[in-house]
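Next comes start-v3.txt, with compact mmCIF, C-alpha atoms and all ligand atoms.
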# COMPACT_ATOMS: atom_id res chain seq x y z
CA MET H 1 17.29 -14.55 -15.33
CA VAL H 2 20.02 -13.26 -17.63
CA VAL H 3 23.67 -13.79 -16.73
CA VAL H 4 26.21 -11.68 -18.58
CA MET H 5 29.77 -13.02 -18.37
CA ASP H 6 32.90 -10.86 -18.16
CA ILE H 7 34.75 -9.98 -21.35
CA GLY H 8 37.41 -12.66 -21.47
CA ALA H 9 35.64 -15.11 -19.17
CA ASP H 10 37.14 -18.47 -19.98
CA GLU H 11 35.35 -21.67 -20.90
CA SER H 12 35.82 -23.29 -17.50
CA GLN H 13 34.21 -20.25 -15.78
CA ILE H 14 31.26 -20.34 -18.21
CA GLU H 15 30.79 -24.06 -17.68
CA SER H 16 30.96 -23.67 -13.93
CA VAL H 17 28.22 -20.99 -14.01
CA ILE H 18 26.05 -23.22 -16.23
CA ALA H 19 26.57 -26.13 -13.82
CA THR H 20 25.60 -23.99 -10.83
CA LEU H 21 22.46 -22.74 -12.61
CA ASN H 22 21.54 -26.33 -13.48
CA ASP H 23 22.08 -27.35 -9.84
CA HIS H 24 19.55 -24.67 -8.86
CA GLY H 25 17.05 -26.13 -11.33
CA PHE H 26 17.40 -23.68 -14.23
CA ASP H 27 17.57 -24.65 -17.90
CA VAL H 28 20.33 -22.63 -19.52
CA HIS H 29 20.46 -21.21 -23.04
CA ARG H 30 23.88 -20.01 -24.04
CA SER H 31 24.70 -17.38 -26.62
CA SER H 32 28.18 -16.16 -27.32
CA GLY H 33 28.94 -12.87 -29.00
CA SER H 34 32.31 -11.66 -30.20
CA GLN H 35 33.16 -10.33 -26.73
CA ARG H 36 30.79 -11.72 -24.14
CA THR H 37 28.80 -14.83 -23.40
CA VAL H 38 25.24 -14.36 -22.20
CA LEU H 39 23.38 -17.13 -20.39
CA GLY H 40 19.58 -17.17 -20.28
CA ALA H 41 18.44 -19.11 -17.21
CA VAL H 42 14.85 -20.29 -17.66
CA GLY H 43 12.49 -21.60 -14.97
CA VAL H 44 10.61 -19.34 -12.57
CA LYS H 45 12.13 -19.47 -9.07
CA ARG H 46 10.69 -16.44 -7.36
CA ASP H 47 12.75 -16.71 -4.21
CA PHE H 48 16.08 -17.37 -5.95
CA ASP H 49 18.86 -15.16 -4.58
CA LYS H 50 20.79 -13.97 -7.64
CA ARG H 51 23.86 -13.34 -5.50
CA HIS H 52 24.51 -17.12 -5.75
CA ILE H 53 25.45 -16.42 -9.37
CA GLU H 54 26.82 -12.88 -9.03
CA LEU H 55 29.65 -14.07 -6.82
CA LEU H 56 30.91 -16.73 -9.25
CA ASP H 57 34.18 -16.13 -11.09
CA GLY H 58 33.78 -14.60 -14.54
CA VAL H 59 30.27 -13.21 -13.96
CA TYR H 60 29.80 -9.56 -14.95
CA THR H 61 26.15 -8.98 -14.04
CA VAL H 62 22.89 -10.84 -13.35
CA HIS H 63 19.39 -9.52 -14.11
CA ARG H 64 16.11 -10.96 -12.90
CA VAL H 65 13.40 -11.10 -15.53
CA SER H 66 10.43 -12.46 -13.58
CA GLU H 67 8.94 -10.69 -10.56
CA PRO H 68 9.53 -12.10 -7.09
CA TYR H 69 5.77 -11.84 -6.36
CA LYS H 70 3.13 -13.99 -8.02
CA PHE H 71 -0.44 -13.43 -6.79
CA ALA H 72 0.05 -9.63 -6.78
CA SER H 73 1.26 -9.57 -10.38
CA ARG H 74 -0.53 -8.61 -13.58
CA SER H 75 1.05 -11.56 -15.29
CA TRP H 76 -0.84 -13.89 -12.92
CA LYS H 77 -4.16 -11.97 -13.09
CA LYS H 78 -4.83 -9.68 -16.03
CA GLU H 79 -8.15 -8.14 -15.02
CA PRO H 80 -8.18 -5.49 -12.28
CA THR H 81 -9.25 -6.68 -8.85
CA GLU H 82 -12.34 -5.17 -7.31
CA ALA H 83 -12.14 -5.31 -3.52
CA THR H 84 -15.47 -5.31 -1.74
CA VAL H 85 -15.73 -3.56 1.62
CA LYS H 86 -19.23 -4.13 3.01
CA ASP H 87 -21.32 -2.68 0.14
CA VAL H 88 -18.48 -0.62 -1.37
CA VAL H 89 -16.44 -1.75 -4.36
CA ILE H 90 -12.88 -0.41 -4.68
CA GLY H 91 -11.20 -0.79 -8.05
CA GLY H 92 -14.25 -0.25 -10.28
CA LYS H 93 -15.32 2.88 -12.12
CA GLU H 94 -16.25 4.72 -8.93
CA ILE H 95 -13.54 6.53 -7.01
CA ILE H 96 -14.00 5.65 -3.35
CA VAL H 97 -13.22 8.17 -0.65
CA MET H 98 -12.38 7.05 2.90
CA ALA H 99 -12.41 9.95 5.31
CA GLY H 100 -12.49 10.72 9.00
CA PRO H 101 -10.21 11.73 11.81
CA CYS H 102 -6.72 10.40 12.36
CA SER H 103 -7.82 9.02 15.75
CA VAL H 104 -11.23 8.34 17.21
CA GLU H 105 -11.31 10.75 20.16
CA SER H 106 -14.90 10.95 21.43
CA GLU H 107 -18.46 10.11 20.44
CA GLU H 108 -19.17 13.70 19.43
CA GLN H 109 -16.02 13.92 17.31
CA ILE H 110 -16.57 10.69 15.39
CA HIS H 111 -20.32 11.24 14.91
CA ALA H 112 -19.78 14.77 13.62
CA SER H 113 -17.05 13.49 11.29
CA ALA H 114 -19.15 10.61 9.98
CA LYS H 115 -22.07 12.93 9.32
CA ALA H 116 -19.96 15.48 7.45
CA VAL H 117 -17.97 13.04 5.33
CA ALA H 118 -21.04 10.96 4.41
CA ALA H 119 -22.95 14.09 3.38
CA ALA H 120 -20.06 15.09 1.12
CA GLY H 121 -19.89 11.66 -0.58
CA ALA H 122 -17.35 9.57 1.34
CA ARG H 123 -18.24 5.86 1.46
CA ILE H 124 -15.90 4.64 4.21
CA LEU H 125 -15.21 6.12 7.66
CA ARG H 126 -11.57 6.06 8.71
CA GLY H 127 -10.28 6.47 12.25
CA GLY H 128 -7.66 4.84 14.42
CA ALA H 129 -8.53 3.24 17.74
CA PHE H 130 -4.99 1.87 18.15
CA LYS H 131 -2.46 4.47 17.02
CA PRO H 132 1.15 3.96 15.98
CA ARG H 133 2.74 7.02 17.60
CA SER H 134 6.41 7.93 17.43
CA SER H 135 6.32 8.87 21.11
CA PRO H 136 5.08 6.52 23.84
CA TYR H 137 3.77 9.63 25.64
CA SER H 138 1.44 10.63 22.78
CA PHE H 139 -2.24 9.67 22.64
CA GLN H 140 -2.36 5.96 21.80
CA GLY H 141 -6.04 5.66 20.88
CA LEU H 142 -9.23 4.73 22.74
CA GLY H 143 -8.97 1.00 22.00
CA GLU H 144 -12.19 -1.01 21.92
CA ASP H 145 -14.25 1.96 23.16
CA GLY H 146 -13.10 3.83 20.07
CA LEU H 147 -14.08 0.94 17.80
CA VAL H 148 -17.58 0.85 19.32
CA MET H 149 -18.00 4.61 18.81
CA MET H 150 -16.75 4.38 15.27
CA CYS H 151 -19.10 1.56 14.30
CA GLU H 152 -22.10 3.38 15.73
CA ALA H 153 -21.18 6.55 13.86
CA ALA H 154 -20.57 4.67 10.60
CA ASP H 155 -23.87 2.77 10.90
CA ALA H 156 -25.79 5.96 11.58
CA HIS H 157 -24.54 7.44 8.30
CA GLY H 158 -24.37 4.39 6.03
CA LEU H 159 -20.58 4.17 5.96
CA ALA H 160 -18.22 1.20 6.14
CA VAL H 161 -15.35 1.23 8.66
CA VAL H 162 -11.60 1.08 8.04
CA THR H 163 -9.28 1.06 11.05
CA GLU H 164 -5.70 0.11 11.76
CA LEU H 165 -4.63 -3.32 12.98
CA MET H 166 -1.43 -2.83 15.00
CA ASP H 167 -1.19 -5.98 17.04
CA PRO H 168 -1.97 -9.61 16.16
CA THR H 169 -3.74 -9.98 19.50
CA HIS H 170 -6.34 -7.45 18.31
CA ALA H 171 -7.48 -9.69 15.46
CA ASP H 172 -10.73 -10.63 17.23
CA LEU H 173 -11.57 -6.98 17.86
CA MET H 174 -11.05 -6.24 14.18
CA ALA H 175 -13.26 -9.15 13.16
CA LYS H 176 -15.96 -7.78 15.46
CA TYR H 177 -15.87 -4.11 14.44
CA ALA H 178 -13.98 -3.44 11.21
CA ASP H 179 -15.15 -3.79 7.61
CA MET H 180 -11.58 -3.31 6.39
CA VAL H 181 -8.29 -3.41 8.29
CA GLN H 182 -5.50 -0.97 7.64
CA ILE H 183 -1.88 -2.02 7.87
CA GLY H 184 0.02 1.17 8.58
CA ALA H 185 3.22 2.37 6.96
CA ARG H 186 5.28 1.41 10.01
CA ASN H 187 4.00 -2.16 9.86
CA MET H 188 4.20 -2.76 6.11
CA GLN H 189 7.01 -5.24 6.67
CA ASN H 190 5.71 -6.71 9.91
CA PHE H 191 5.36 -10.10 8.29
CA PRO H 192 3.60 -11.96 11.15
CA LEU H 193 1.03 -9.10 11.24
CA LEU H 194 0.54 -9.33 7.46
CA ARG H 195 -0.21 -13.04 7.80
CA VAL H 196 -2.74 -12.36 10.57
CA ALA H 197 -4.38 -9.68 8.41
CA GLY H 198 -4.53 -12.14 5.53
CA GLN H 199 -6.11 -14.83 7.70
CA LEU H 200 -8.75 -12.48 9.13
CA GLY H 201 -10.61 -12.64 5.83
CA LEU H 202 -11.44 -8.92 5.94
CA PRO H 203 -10.34 -6.63 3.10
CA VAL H 204 -6.91 -5.15 3.85
CA LEU H 205 -5.71 -1.63 3.12
CA LEU H 206 -1.94 -1.94 2.85
CA LYS H 207 -0.12 1.35 3.22
CA ARG H 208 3.28 1.75 1.63
CA GLY H 209 6.13 1.81 4.12
CA MET H 210 7.87 5.16 4.28
CA SER H 211 11.13 3.66 3.01
CA ALA H 212 9.69 0.85 0.94
CA SER H 213 10.32 0.33 -2.74
CA ILE H 214 7.37 -0.55 -4.93
CA GLU H 215 8.66 -4.09 -5.17
CA GLU H 216 8.86 -4.43 -1.37
CA TRP H 217 5.32 -3.05 -1.09
CA LEU H 218 4.04 -5.63 -3.58
CA MET H 219 5.91 -8.38 -1.72
CA SER H 220 4.03 -7.35 1.43
CA ALA H 221 0.76 -7.57 -0.50
CA GLU H 222 1.89 -11.03 -1.56
CA TYR H 223 1.98 -12.11 2.12
CA ILE H 224 -1.73 -11.26 2.47
CA LEU H 225 -2.72 -12.74 -0.89
CA ALA H 226 -0.78 -15.91 -0.09
CA GLU H 227 -3.13 -16.39 2.89
CA ASP H 228 -5.95 -16.72 0.35
CA ASN H 229 -7.27 -13.23 0.97
CA PRO H 230 -7.77 -11.57 -2.44
CA ASN H 231 -9.17 -8.29 -1.09
CA VAL H 232 -6.06 -6.17 -0.86
CA VAL H 233 -6.02 -2.44 -1.63
CA LEU H 234 -2.70 -0.60 -1.81
CA CYS H 235 -2.35 2.90 -0.38
CA GLU H 236 0.38 5.34 -1.41
CA ARG H 237 0.92 7.62 1.57
CA GLY H 238 4.24 9.27 0.86
CA ILE H 239 7.81 8.17 1.29
CA ARG H 240 10.80 9.70 3.07
CA THR H 241 13.13 11.71 0.90
CA PHE H 242 15.65 14.50 1.45
CA GLU H 243 12.83 17.07 1.22
CA THR H 244 12.03 18.85 4.48
CA MET H 245 9.27 21.23 3.38
CA THR H 246 6.66 18.48 3.38
CA ARG H 247 6.04 15.71 5.91
CA ASN H 248 6.66 13.06 3.25
CA THR H 249 7.03 13.04 -0.52
CA LEU H 250 3.81 11.78 -2.05
CA ASP H 251 5.02 9.43 -4.75
CA LEU H 252 2.19 9.71 -7.26
CA SER H 253 4.33 8.08 -9.92
CA ALA H 254 3.82 4.87 -7.94
CA VAL H 255 0.15 4.83 -9.00
CA PRO H 256 0.58 4.12 -12.73
CA VAL H 257 3.68 2.03 -12.07
CA VAL H 258 1.88 -0.25 -9.61
CA LYS H 259 -1.15 -0.47 -11.87
CA ALA H 260 1.01 -1.70 -14.72
CA ARG H 261 2.59 -4.40 -12.55
CA SER H 262 -0.31 -5.41 -10.36
CA HIS H 263 -4.06 -5.97 -10.67
CA LEU H 264 -4.67 -4.63 -7.15
CA PRO H 265 -6.57 -1.36 -6.59
CA VAL H 266 -4.46 1.60 -5.48
CA ILE H 267 -5.62 4.57 -3.43
CA VAL H 268 -3.76 7.73 -2.42
CA ASP H 269 -3.51 9.32 1.04
CA PRO H 270 -2.47 12.93 0.47
CA SER H 271 -3.01 13.79 4.16
CA HIS H 272 0.00 11.80 5.36
CA GLY H 273 1.65 12.24 1.98
CA ILE H 274 2.14 15.97 2.30
CA GLY H 275 1.14 16.57 5.91
CA ILE H 276 0.05 20.20 5.46
CA ARG H 277 -3.68 21.00 5.56
CA ASP H 278 -3.88 23.54 2.76
CA LYS H 279 -1.82 21.36 0.41
CA VAL H 280 -3.95 18.25 0.77
CA LEU H 281 -6.56 19.37 -1.76
CA PRO H 282 -4.23 19.85 -4.76
CA MET H 283 -2.53 16.52 -4.07
CA ALA H 284 -5.93 14.80 -3.78
CA ARG H 285 -6.79 16.20 -7.21
CA ALA H 286 -3.47 14.97 -8.54
CA GLY H 287 -4.01 11.51 -7.04
CA VAL H 288 -7.32 11.12 -8.86
CA ALA H 289 -5.78 12.44 -12.07
CA ALA H 290 -2.94 9.92 -11.70
CA GLY H 291 -5.46 7.08 -11.77
CA ALA H 292 -6.01 6.25 -8.10
CA ASP H 293 -9.09 4.15 -7.32
CA GLY H 294 -9.75 6.14 -4.19
CA LEU H 295 -8.49 8.57 -1.60
CA MET H 296 -7.96 8.49 2.13
CA ILE H 297 -8.43 11.90 3.72
CA GLU H 298 -8.08 13.02 7.33
CA VAL H 299 -10.90 15.29 8.47
CA HIS H 300 -11.63 16.69 11.94
CA PRO H 301 -14.41 18.91 13.37
CA ASP H 302 -11.79 21.03 15.15
CA PRO H 303 -8.33 20.16 13.82
CA ASP H 304 -6.56 22.57 16.15
CA SER H 305 -7.65 20.48 19.11
CA ALA H 306 -7.07 17.08 17.46
CA LEU H 307 -5.10 14.53 19.51
CA SER H 308 -3.16 13.43 16.42
CA ASP H 309 -2.42 14.82 12.96
CA GLY H 310 -4.48 18.01 13.39
CA PRO H 311 -2.20 20.09 11.12
CA GLN H 312 -2.94 17.83 8.14
CA SER H 313 -6.65 17.32 8.89
CA LEU H 314 -9.21 19.16 6.79
CA LEU H 315 -12.07 21.23 8.16
CA PHE H 316 -15.49 19.98 7.00
CA PRO H 317 -15.99 22.76 4.40
CA GLN H 318 -12.55 22.02 2.95
CA PHE H 319 -13.49 18.37 2.61
CA GLU H 320 -16.69 19.30 0.82
CA GLU H 321 -14.69 21.46 -1.55
CA LEU H 322 -12.27 18.59 -2.17
CA MET H 323 -15.13 16.25 -3.05
CA GLY H 324 -16.55 18.81 -5.48
CA GLN H 325 -13.22 19.21 -7.20
CA ILE H 326 -12.41 15.52 -7.53
CA ARG H 327 -15.88 14.93 -9.03
CA LEU H 328 -14.87 17.18 -11.91
CA ILE H 329 -11.57 15.39 -12.39
CA ALA H 330 -13.21 11.97 -12.15
CA GLU H 331 -15.68 12.94 -14.86
CA ALA H 332 -12.89 14.13 -17.12
CA ILE H 333 -11.22 10.71 -16.95
CA GLY H 334 -14.39 8.65 -17.33
CA ARG H 335 -14.89 7.82 -13.68
CA ASN H 336 -17.25 9.02 -10.98
CA VAL H 337 -17.41 9.84 -7.27
CA ALA H 338 -20.46 9.18 -5.08
C1 LIG N 401 -2.98 6.91 9.78
O1 LIG N 401 -3.65 6.53 8.79
O2 LIG N 401 -3.41 7.69 10.64
C2 LIG N 401 -1.55 6.51 9.84
C3 LIG N 401 -0.92 6.41 11.00
O3 LIG N 401 -1.04 6.30 8.62
P1 LIG N 401 0.45 5.86 8.16
O4 LIG N 401 0.59 4.44 8.62
O5 LIG N 401 0.38 6.01 6.68
O6 LIG N 401 1.44 6.80 8.81
MN MN N 402 -2.90 10.14 10.89

Please render this file's structure as structure tokens.
Amino acid sequence: MVVVMDIGADESQIESVIATLNDHGFDVHRSSGSQRTVLGAVGVKRDFDKRHIELLDGVYTVHRVSEPYKFASRSWKKEPTEATVKDVVIGGKEIIVMAGPCSVESEEQIHASAKAVAAAGARILRGGAFKPRSSPYSFQGLGEDGLVMMCEAADAHGLAVVTELMDPTHADLMAKYADMVQIGARNMQNFPLLRVAGQLGLPVLLKRGMSASIEEWLMSAEYILAEDNPNVVLCERGIRTFETMTRNTLDLSAVPVVKARSHLPVIVDPSHGIGIRDKVLPMARAGVAAGADGLMIEVHPDPDSALSDGPQSLLFPQFEELMGQIRLIAEAIGRNVA
């Protein structure tokens, strides 16, 4: 931490700041220029609240140098993490595509989806059985029946299953049916749920909260990693901005930024990111080009009759086209798609 004193801060103020830093366990290195004194406080205290120093008399500004997260950081682990979901590795050379409907709606719907996405090269079937809906009157998901249907469909087509964990009391259901649990954007800072997801031992797909900074997102990953669960995959799914022409603003700049700071794999969800069917494909291409380790894509046999997120769900031929296009991009950057 670096503490910059006010121009004209007097000796008693400087000494008082040094004493406070020492009380908090920091070693302090002092350097005085012609106008200002700068104090370097050494000793990693990740949960230290710098406001303890900012409010002292004579302090101009305080900067943190070390990150507040540890296990999620590149400084703690240099090599990229490869998360294993059943027989699928996320974070290696292969770009992994997870695809399927927003919600599991019926046996026919999920089987048709699994068949189409597997044939096009997806490795993981997505689908919600418990849905976080803005309205309590909207379709909430089929619950355990949906999980059973999804597992059967995934098994029939050699896919792994990713589905959303919304409620800590559903942990046993997840352990029974899911190969990977998704923590949705709305729950990114539901800390008790993050701990439960960490303890489950299944790989976790952690979506970015719609108003979350990258640092907050990595702190949420830290909750899962701190439970001794190393299999965390981050998912950029768009954030809220002032823009109204898209559902969210897909923050693709987060991909290289997160990769520089963290060893965790990052995937991109352009379906929720842009929310408009015919704009999903270009943003999927861009996600791969930006360095994502995978994509999550919503697909539906008949999007116009979907019970959730139909307008952003691709038709099967559109998904096939997307897979063909990202194969070309993957090849150009030395990666591959199944
Ligand atoms: C979903 O994947 O269908 C979903 C609800 O995602 P998010 O949490 O990103 O809104
Ligand atoms: Mn959805």

Discussion item. Tell me which residues come within 12 Å of (-2.2, -20.6, 2.5), as a list in words, counting all atoms listed in the file in the file's coordinates.
Written reply: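 Applying the cut-off with all atoms listed in the file, one gets Phe71, Arg195, Val196, Gly198, Gln199, Glu222, Tyr223, Ile224, Leu225, Ala226, Glu227, Asp228, Asn229 and Pro230 of chain H.
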
Could you produce a table of the residues of chain H lying within 9 Å of ligand MN 402 (chain N), with the nearest pair of atoms per residue and their separation in Å rounded to one decimal, using all atoms listed in the file, ordered by chain and increasing residue number, as CSV?
residue,atom,partner,partner_atom,distance
H:Pro101,CA,N:MN402,MN,7.5
H:Cys102,CA,N:MN402,MN,4.1
H:Ser103,CA,N:MN402,MN,7.0
H:Gly127,CA,N:MN402,MN,8.4
H:Gly128,CA,N:MN402,MN,8.0
H:Lys131,CA,N:MN402,MN,8.4
H:Pro132,CA,N:MN402,MN,9.0
H:Ser271,CA,N:MN402,MN,7.7
H:His272,CA,N:MN402,MN,6.5
H:Glu298,CA,N:MN402,MN,6.9
H:Ser308,CA,N:MN402,MN,6.4
H:Asp309,CA,N:MN402,MN,5.1
H:Gly310,CA,N:MN402,MN,8.4
H:Gln312,CA,N:MN402,MN,8.2
H:Ser313,CA,N:MN402,MN,8.3

Fill in: Selection near Asn190 in chain H, 10 Å with all atoms listed in the file, sequence-local residues under 6 positions removed, as JSON, numbers by chain
{"H": [166, 167, 183, 184, 220]}

So which residues are close to (-9.9, 22.8, 14.2), meaning at most 12 Å away in the file's coordinates with all atoms listed in the file counted, and can you show them as a CSV table (one decimal) with C-alpha atoms, in the coordinates of the input?
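Final output, result33.csv:
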chain,number,residue,atom,x,y,z
H,101,PRO,CA,-10.2,11.7,11.8
H,109,GLN,CA,-16.0,13.9,17.3
H,277,ARG,CA,-3.7,21.0,5.6
H,299,VAL,CA,-10.9,15.3,8.5
H,300,HIS,CA,-11.6,16.7,11.9
H,301,PRO,CA,-14.4,18.9,13.4
H,302,ASP,CA,-11.8,21.0,15.2
H,303,PRO,CA,-8.3,20.2,13.8
H,304,ASP,CA,-6.6,22.6,16.2
H,305,SER,CA,-7.6,20.5,19.1
H,306,ALA,CA,-7.1,17.1,17.5
H,307,LEU,CA,-5.1,14.5,19.5
H,308,SER,CA,-3.2,13.4,16.4
H,309,ASP,CA,-2.4,14.8,13.0
H,310,GLY,CA,-4.5,18.0,13.4
H,311,PRO,CA,-2.2,20.1,11.1
H,312,GLN,CA,-2.9,17.8,8.1
H,313,SER,CA,-6.6,17.3,8.9
H,314,LEU,CA,-9.2,19.2,6.8
H,315,LEU,CA,-12.1,21.2,8.2
H,316,PHE,CA,-15.5,20.0,7.0
H,317,PRO,CA,-16.0,22.8,4.4
H,318,GLN,CA,-12.6,22.0,3.0

Discussion item. As an exercise, work out the distance from CA of Lys259 in chain H to CA of Val89 in chain H in Å and give it to one decimal place.
Written reply: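 Spanning CA of Lys259 in chain H to CA of Val89 in chain H is a straight-line distance of 17.1 Å.
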
Discussion item. Using all atoms listed in the file, can you tell me which of H:Gly158, H:Pro270, H:Pro203, H:Gly143 comes closest to ligand LIG 401 (chain N)?
Written reply: H:Pro270

Worksheet item: Near Ala72 in chain H, counting all atoms listed in the file, which residues have an atom at most 12 Å away, once you skip same-chain residues fewer than 2 positions from it, shown as number ranges by chain?
Response: H: 67-70, 74-81, 214-226, 228-234, 258-265

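Proximity ranking of H:Ala175, H:Leu202, H:Met1, H:Leu165 relative to ligand LIG 401 (chain N) places H:Leu165 first, based on only C-alpha atoms and all ligand atoms.
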
Practice prompt. Measuring atom to atom with all atoms listed in the file, identify which of H:Gly238, H:Pro136, H:Gly324, H:Gly146 is nearest to ligand LIG 401 (chain N).
Written response: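 Closest to ligand LIG 401 (chain N), using all atoms listed in the file: H:Gly238.
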
Discussion item. List as a PyMOL selection string the protein and nucleic acid residues near Arg64 in chain H, meaning an atom at most 12 Å away when all atoms listed in the file are counted, but skip any in the same chain fewer than 5 places from it.
Written reply: chain H and resi 1-4+40-51+53-54

With C-alpha atoms retained, could you export that selection as a compact mmCIF listing (two decimals), in the frame of the given file?
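As a result, result_3.txt now contains:
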# COMPACT_ATOMS: atom_id res chain seq x y z
CA MET H 1 17.29 -14.55 -15.33
CA VAL H 2 20.02 -13.26 -17.63
CA VAL H 3 23.67 -13.79 -16.73
CA VAL H 4 26.21 -11.68 -18.58
CA GLY H 40 19.58 -17.17 -20.28
CA ALA H 41 18.44 -19.11 -17.21
CA VAL H 42 14.85 -20.29 -17.66
CA GLY H 43 12.49 -21.60 -14.97
CA VAL H 44 10.61 -19.34 -12.57
CA LYS H 45 12.13 -19.47 -9.07
CA ARG H 46 10.69 -16.44 -7.36
CA ASP H 47 12.75 -16.71 -4.21
CA PHE H 48 16.08 -17.37 -5.95
CA ASP H 49 18.86 -15.16 -4.58
CA LYS H 50 20.79 -13.97 -7.64
CA ARG H 51 23.86 -13.34 -5.50
CA ILE H 53 25.45 -16.42 -9.37
CA GLU H 54 26.82 -12.88 -9.03
